[in-house]
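Colleague: Take this structure, written in structure tokens, and hold onto it; I'll ask about it next.
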Amino acid sequence: MLFSPYTVRSVTLRNRIVVSPMCQYSAGGDGIATDWHFVHYGTRAVGGAGLVLLEATAVEPRGRISTEDLGLYHERQLPALQRIVRFVHEQGAACGIQLAHAGRKAFSPKKGQGPQEPVGPSPIPFDEGWRVPLELDEAGLQAVAAAFEQAARWAHEVGFDVIEIHAAHGYLLHEFLSPVANHRSDRWGGPLEARLAFPLDVVRRVRAAWPEAKPLFARLSTTDYLPGGFDPDQAVEVARALGQAGVDLIDCSSGGIAPVRPPDYPGYQLKPAERIRREAGVPTSALGLITAPEMAEEVLQNGRADVVLLGRELLRHPYWPLDAARALGAEAPWPRQYLRAKRAGDR
């Protein structure tokens with residue numbers, strides 16, 4: 001199952017192993033991908049993943065987590081991304097990009113002060129010592145939505161197969177969803193339907209700008225781990241609405257709206273993924289300290305999720321898919337240059 005193809009819209013992944021978006025904080029000051037990104041993402045494609053998802057990529061300069069984030073808000077950023085996509089495709093993998101806006105967590109104290117003022121749904125800082133964000137007005141909200149829309153057009157021009165909209169980890173779209181960060185009293189705040197309105201508008205605009213044949217994913221933090229915060233019940237409702245708006249898969253993560261440490265046991269994010277898949281009727285991903293091939297296989301065989309995302313394990317072990325195939329008795333997409341190493345024990 002882990003090594004069976006997965007088709008979504010017109011894109012067929014060669015297997016169900018996905019490289020989770022992981023910030024590298026290695027871009028130049030202009031948000032342009034560097035040789036580091038080329039080697040990092042290219043290596044995971046060589047290593048056998050079915051889909052390589054690039055890290056959180058800011059749709060406007062003030063939406064960067066740090067001044068070293070990737071960006072997709074200017075045409076000069078396209079050529080370096082095209083180089084990555086071309087190489088990933090040459091290795092037989094699909095390539096996607098996570099479009100993001102950091103919101104109130106932009107230019108955090110941990111990453112250095114940035115040149116732009118952070119923005120958010122309400123003037124509430126993430127934590128003590130963080131800057132108070134500027135509350136977005138109607139014009140600001142429209143500018144952000146338009147930036148996501150334009151980034152989607154450029155993503156298609158670059159040649160990406162998949163877009164993932166980042167609505168998790170305490171960044172802007174998650175901030176609108178969570179009552180912890182969204183204290184608005186206008187049409188963008190209050191009950192869940194209103195808190196969902198702006199993220200849903202972004203999704204609809206991206207879906208309209210992104211070719212119908214190409215898949216659209218969304219990453220959700222399914223819980224804030226806080227009383228009165230965003231929770232799995234709300235996540236099911238949000239996932240259902242996103243699916244109706246054209247999202248093809250919910251990437252189920254958690255936390256990030258406040259400095260609360262999430263659990264750290266293998267599969268700790270599986271239950272919300274199962275619920276969303278079952279109750280909202282939208283395909284989901286499994287992620288969260290999944291390192292054993294047997295666990296990844298069990299998740300898929302039992303219908304708990306549709307694909308498996310690996311993060312830190314693929315940092316430690318970029319060729320994990322090749323070893324996982326050996327462990328499961330499956331056929332892996334070995335690059336022809338490495339075939340001499342395919343049989344374990346050969347010298």
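Lettering and numbering for the structure tokens are positional, with chains as A, B, ... in the shown order, residues counted from 1 in each chain, and ligands counted from 1 in the shown order.
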For A:Gly267, work out the shell of residues within 12 Å, counting only C-alpha atoms and skipping chain neighbours fewer than 6 positions away, then give it as a VMD selection string.

Modeller: chain A and resid 252 to 254 273 to 274 285 to 292 295 to 296 298 to 299 304 to 305 308 to 310

Colleague: Write a file of the just-selected residues containing N, CA, C and O atoms, as an mmCIF file, in the first residue's frame.

Modeller:
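After the write, out28.cif holds the following:
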data_model
loop_
_atom_site.group_PDB
_atom_site.id
_atom_site.type_symbol
_atom_site.label_atom_id
_atom_site.label_comp_id
_atom_site.auth_asym_id
_atom_site.auth_seq_id
_atom_site.Cartn_x
_atom_site.Cartn_y
_atom_site.Cartn_z
ATOM 1 N N CYS A 252 -3.002 16.970 8.064
ATOM 2 C CA CYS A 252 -3.426 17.134 9.456
ATOM 3 C C CYS A 252 -2.235 17.270 10.395
ATOM 4 O O CYS A 252 -1.579 16.284 10.750
ATOM 5 N N SER A 253 -1.982 18.494 10.839
ATOM 6 C CA SER A 253 -0.938 18.770 11.812
ATOM 7 C C SER A 253 -1.600 19.293 13.085
ATOM 8 O O SER A 253 -2.804 19.085 13.293
ATOM 9 N N SER A 254 -0.849 19.997 13.936
ATOM 10 C CA SER A 254 -1.443 20.493 15.182
ATOM 11 C C SER A 254 -0.542 21.547 15.816
ATOM 12 O O SER A 254 0.653 21.632 15.510
ATOM 13 N N ALA A 273 -6.759 13.015 11.877
ATOM 14 C CA ALA A 273 -6.732 12.669 10.452
ATOM 15 C C ALA A 273 -7.794 11.610 10.135
ATOM 16 O O ALA A 273 -8.497 11.694 9.111
ATOM 17 N N GLU A 274 -7.913 10.612 11.010
ATOM 18 C CA GLU A 274 -8.938 9.578 10.831
ATOM 19 C C GLU A 274 -10.341 10.188 10.878
ATOM 20 O O GLU A 274 -11.203 9.854 10.053
ATOM 21 N N SER A 285 -3.713 13.222 5.254
ATOM 22 C CA SER A 285 -2.355 12.722 5.417
ATOM 23 C C SER A 285 -2.157 12.255 6.850
ATOM 24 O O SER A 285 -2.823 12.724 7.773
ATOM 25 N N ALA A 286 -1.216 11.334 7.011
ATOM 26 C CA ALA A 286 -0.756 10.922 8.334
ATOM 27 C C ALA A 286 0.643 11.488 8.535
ATOM 28 O O ALA A 286 1.494 11.357 7.665
ATOM 29 N N LEU A 287 0.863 12.123 9.660
ATOM 30 C CA LEU A 287 2.191 12.624 9.981
ATOM 31 C C LEU A 287 2.320 12.758 11.487
ATOM 32 O O LEU A 287 1.338 12.763 12.212
ATOM 33 N N GLY A 288 3.544 12.872 11.937
ATOM 34 C CA GLY A 288 3.793 13.028 13.359
ATOM 35 C C GLY A 288 4.638 11.914 13.919
ATOM 36 O O GLY A 288 4.112 10.923 14.450
ATOM 37 N N LEU A 289 5.956 12.020 13.754
ATOM 38 C CA LEU A 289 6.920 11.062 14.299
ATOM 39 C C LEU A 289 6.697 9.655 13.769
ATOM 40 O O LEU A 289 6.890 8.676 14.483
ATOM 41 N N ILE A 290 6.258 9.552 12.525
ATOM 42 C CA ILE A 290 6.165 8.247 11.880
ATOM 43 C C ILE A 290 7.534 7.937 11.274
ATOM 44 O O ILE A 290 7.998 8.644 10.373
ATOM 45 N N THR A 291 8.177 6.920 11.782
ATOM 46 C CA THR A 291 9.524 6.574 11.318
ATOM 47 C C THR A 291 9.644 5.131 10.857
ATOM 48 O O THR A 291 10.551 4.806 10.089
ATOM 49 N N ALA A 292 8.762 4.253 11.318
ATOM 50 C CA ALA A 292 8.845 2.832 10.991
ATOM 51 C C ALA A 292 8.035 2.527 9.735
ATOM 52 O O ALA A 292 6.851 2.896 9.649
ATOM 53 N N MET A 295 4.690 0.938 10.474
ATOM 54 C CA MET A 295 3.632 1.822 10.966
ATOM 55 C C MET A 295 2.988 2.579 9.813
ATOM 56 O O MET A 295 1.757 2.713 9.743
ATOM 57 N N ALA A 296 3.807 3.086 8.893
ATOM 58 C CA ALA A 296 3.267 3.787 7.729
ATOM 59 C C ALA A 296 2.354 2.872 6.928
ATOM 60 O O ALA A 296 1.273 3.281 6.476
ATOM 61 N N GLU A 298 0.690 0.223 8.043
ATOM 62 C CA GLU A 298 -0.527 -0.060 8.814
ATOM 63 C C GLU A 298 -1.535 1.069 8.684
ATOM 64 O O GLU A 298 -2.746 0.824 8.529
ATOM 65 N N VAL A 299 -1.062 2.293 8.752
ATOM 66 C CA VAL A 299 -1.945 3.457 8.648
ATOM 67 C C VAL A 299 -2.725 3.418 7.341
ATOM 68 O O VAL A 299 -3.946 3.659 7.299
ATOM 69 N N ARG A 304 -6.642 4.707 7.639
ATOM 70 C CA ARG A 304 -6.587 5.799 8.605
ATOM 71 C C ARG A 304 -6.169 7.116 7.945
ATOM 72 O O ARG A 304 -6.382 8.196 8.499
ATOM 73 N N ALA A 305 -5.539 7.038 6.783
ATOM 74 C CA ALA A 305 -5.135 8.202 6.007
ATOM 75 C C ALA A 305 -4.846 7.718 4.593
ATOM 76 O O ALA A 305 -4.854 6.511 4.313
ATOM 77 N N VAL A 308 1.290 9.364 3.568
ATOM 78 C CA VAL A 308 2.083 9.540 4.781
ATOM 79 C C VAL A 308 3.122 10.619 4.528
ATOM 80 O O VAL A 308 3.864 10.558 3.544
ATOM 81 N N LEU A 309 3.153 11.615 5.403
ATOM 82 C CA LEU A 309 4.167 12.670 5.330
ATOM 83 C C LEU A 309 5.267 12.379 6.334
ATOM 84 O O LEU A 309 4.979 12.065 7.499
ATOM 85 N N LEU A 310 6.492 12.488 5.872
ATOM 86 C CA LEU A 310 7.642 12.337 6.752
ATOM 87 C C LEU A 310 8.419 13.636 6.770
ATOM 88 O O LEU A 310 8.648 14.249 5.722
#

Colleague: From a DSSP calculation on the backbone, collect every residue of stretch 205-341 of chain A in strand (DSSP E or B) and output the set as a list of chain:residue names.

Modeller: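 Taking stretch 205-341 of chain A and keeping strand (DSSP E or B) only, one gets A:Leu216, A:Phe217, A:Ala218, A:Arg219, A:Leu220, A:Ser221, A:Leu249, A:Ile250, A:Asp251, A:Cys252, A:Ser253, A:Thr284, A:Ser285, A:Ala286, A:Val307, A:Val308, A:Leu309, A:Leu310.
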
Colleague: Write the residues of the selection above to a file with C-alpha atoms, as a PDB file, in the first residue's frame.

Modeller:
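Heads up, here's the output in selection-v1.pdb:
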ATOM      1  CA  LEU A 216      -4.898  21.551  -3.985  1.00  0.00           C
ATOM      2  CA  PHE A 217      -3.999  20.547  -0.421  1.00  0.00           C
ATOM      3  CA  ALA A 218      -4.435  22.459   2.837  1.00  0.00           C
ATOM      4  CA  ARG A 219      -2.511  22.026   6.085  1.00  0.00           C
ATOM      5  CA  LEU A 220      -4.588  22.419   9.247  1.00  0.00           C
ATOM      6  CA  SER A 221      -3.620  22.483  12.894  1.00  0.00           C
ATOM      7  CA  LEU A 249      -6.470  16.569   0.794  1.00  0.00           C
ATOM      8  CA  ILE A 250      -6.168  17.838   4.358  1.00  0.00           C
ATOM      9  CA  ASP A 251      -2.647  17.700   5.768  1.00  0.00           C
ATOM     10  CA  CYS A 252      -3.426  17.134   9.456  1.00  0.00           C
ATOM     11  CA  SER A 253      -0.938  18.770  11.812  1.00  0.00           C
ATOM     12  CA  THR A 284      -6.028  13.132   4.665  1.00  0.00           C
ATOM     13  CA  SER A 285      -2.355  12.722   5.417  1.00  0.00           C
ATOM     14  CA  ALA A 286      -0.756  10.922   8.334  1.00  0.00           C
ATOM     15  CA  VAL A 307      -0.722   9.376   2.230  1.00  0.00           C
ATOM     16  CA  VAL A 308       2.083   9.540   4.781  1.00  0.00           C
ATOM     17  CA  LEU A 309       4.167  12.670   5.330  1.00  0.00           C
ATOM     18  CA  LEU A 310       7.642  12.337   6.752  1.00  0.00           C
TER      19      LEU A 310
END

Colleague: What lies within 8 Å of A:Ser26 using only C-alpha atoms, ignoring chain neighbours under 6 positions off, as a ChimeraX atom specification?

Modeller: /A:33-34,36-37,68-70

Colleague: Residues of the last selection are to be written out with C-alpha atoms, as a CSV table (one decimal), in the first residue's frame.

Modeller:
chain,number,residue,atom,x,y,z
A,33,ALA,CA,16.0,29.5,-3.7
A,34,THR,CA,19.7,28.6,-3.5
A,36,TRP,CA,21.0,24.4,-0.7
A,37,HIS,CA,17.4,24.1,-1.7
A,68,GLU,CA,15.7,33.9,4.9
A,69,ASP,CA,12.3,32.4,3.9
A,70,LEU,CA,11.5,31.4,0.3

Colleague: Between A:Gly311, A:Glu294, A:Ser10, A:Pro5, which is the closest to A:Val52 once you count only C-alpha atoms?

Modeller: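 With only C-alpha atoms as the atom set, the closest residue is A:Gly311.
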
Colleague: For A:Cys23, please output as a list in words all residues within 7 Å (counting only C-alpha atoms; exclusion window: fewer than 2 positions along the same chain).

Modeller: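 Here the answer would be Pro21, Tyr25, Glu55 and Ala56 of chain A.
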
Colleague: Find the spatial neighbours of A:Pro199, counting only C-alpha atoms, within a cut-off of 9 Å - ignore same-chain residues fewer than 5 positions away - and output them as number ranges by chain.

Modeller: A: 145, 167, 172-174, 176-177, 204

Colleague: Next, write the just-selected residues to a file, as a PDB file, in the first residue's frame, keeping C-alpha atoms as the atom set.

Modeller:
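What follows is the written file selection_9.pdb:
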ATOM      1  CA  ALA A 145      -5.857  37.148  -0.656  1.00  0.00           C
ATOM      2  CA  ALA A 167      -3.433  27.174   7.510  1.00  0.00           C
ATOM      3  CA  LEU A 172      -1.987  33.873   9.442  1.00  0.00           C
ATOM      4  CA  LEU A 173      -4.788  31.627   8.186  1.00  0.00           C
ATOM      5  CA  HIS A 174      -4.647  29.555  11.370  1.00  0.00           C
ATOM      6  CA  PHE A 176      -8.110  33.602  11.743  1.00  0.00           C
ATOM      7  CA  LEU A 177      -9.446  30.127  12.537  1.00  0.00           C
ATOM      8  CA  ARG A 204     -11.505  29.708  -3.281  1.00  0.00           C
TER       9      ARG A 204
END

Colleague: Would you mind telling me which residue in A:Ile163, A:Ala45, A:Ala94, A:Met22 lies nearest to A:Trp320 when using only C-alpha atoms?

Modeller: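 Between A:Ile163, A:Ala45, A:Ala94, A:Met22, the residue approaching A:Trp320 most closely is A:Ala45.
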
Colleague: So that I can check the surroundings of A:Leu81, please list as a PyMOL selection string every protein, DNA and RNA residue that reaches within 12 Å of it, counting only C-alpha atoms and ignoring chain neighbours fewer than 6 positions away.

Modeller: chain A and resi 27+31-38+41-42+54-55+57+70-72+74-75+87-88+95-97+154-160

Colleague: Would you output that residue set with C-alpha atoms, as an mmCIF file, in the first residue's frame?

Modeller:
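Okay, this is what ended up in out_9.cif:
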data_model
loop_
_atom_site.group_PDB
_atom_site.id
_atom_site.type_symbol
_atom_site.label_atom_id
_atom_site.label_comp_id
_atom_site.auth_asym_id
_atom_site.auth_seq_id
_atom_site.Cartn_x
_atom_site.Cartn_y
_atom_site.Cartn_z
ATOM 1 C CA ALA A 27 17.069 31.655 1.019
ATOM 2 C CA GLY A 31 13.474 34.995 -1.040
ATOM 3 C CA ILE A 32 15.219 33.212 -3.903
ATOM 4 C CA ALA A 33 15.984 29.487 -3.654
ATOM 5 C CA THR A 34 19.672 28.634 -3.452
ATOM 6 C CA ASP A 35 21.854 25.633 -4.230
ATOM 7 C CA TRP A 36 21.013 24.376 -0.735
ATOM 8 C CA HIS A 37 17.352 24.056 -1.724
ATOM 9 C CA PHE A 38 18.262 22.404 -5.026
ATOM 10 C CA TYR A 41 14.825 18.757 -2.389
ATOM 11 C CA GLY A 42 16.616 16.956 -5.190
ATOM 12 C CA LEU A 54 8.664 22.617 -0.710
ATOM 13 C CA GLU A 55 8.717 24.527 2.535
ATOM 14 C CA THR A 57 6.887 29.958 0.849
ATOM 15 C CA LEU A 70 11.527 31.360 0.323
ATOM 16 C CA GLY A 71 9.148 33.712 -1.437
ATOM 17 C CA LEU A 72 6.801 33.602 -4.390
ATOM 18 C CA HIS A 74 8.178 38.386 -7.563
ATOM 19 C CA GLU A 75 9.046 37.027 -10.994
ATOM 20 C CA PHE A 87 15.168 18.055 -11.389
ATOM 21 C CA VAL A 88 12.530 16.560 -9.077
ATOM 22 C CA CYS A 95 6.739 18.465 -6.809
ATOM 23 C CA GLY A 96 4.562 20.798 -4.787
ATOM 24 C CA ILE A 97 4.858 24.068 -2.902
ATOM 25 C CA TRP A 154 3.238 31.712 -10.618
ATOM 26 C CA ALA A 155 3.335 28.229 -9.077
ATOM 27 C CA HIS A 156 1.651 26.917 -12.206
ATOM 28 C CA GLU A 157 4.089 28.837 -14.405
ATOM 29 C CA VAL A 158 7.001 27.318 -12.478
ATOM 30 C CA GLY A 159 5.577 23.833 -13.115
ATOM 31 C CA PHE A 160 4.538 22.682 -9.646
#

Colleague: If I take atom CA of A:Val19 and atom CA of A:Val206, how far is one from the other in Å, to one decimal?

Modeller: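 Interatomic distance here is 22.1 Å.
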
Colleague: Between A:Glu237, A:Leu13, A:Arg153, A:Pro333, which has the minimum distance to A:Tyr319 (counting only C-alpha atoms)?

Modeller: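 The answer is A:Pro333, which sits nearest to A:Tyr319.
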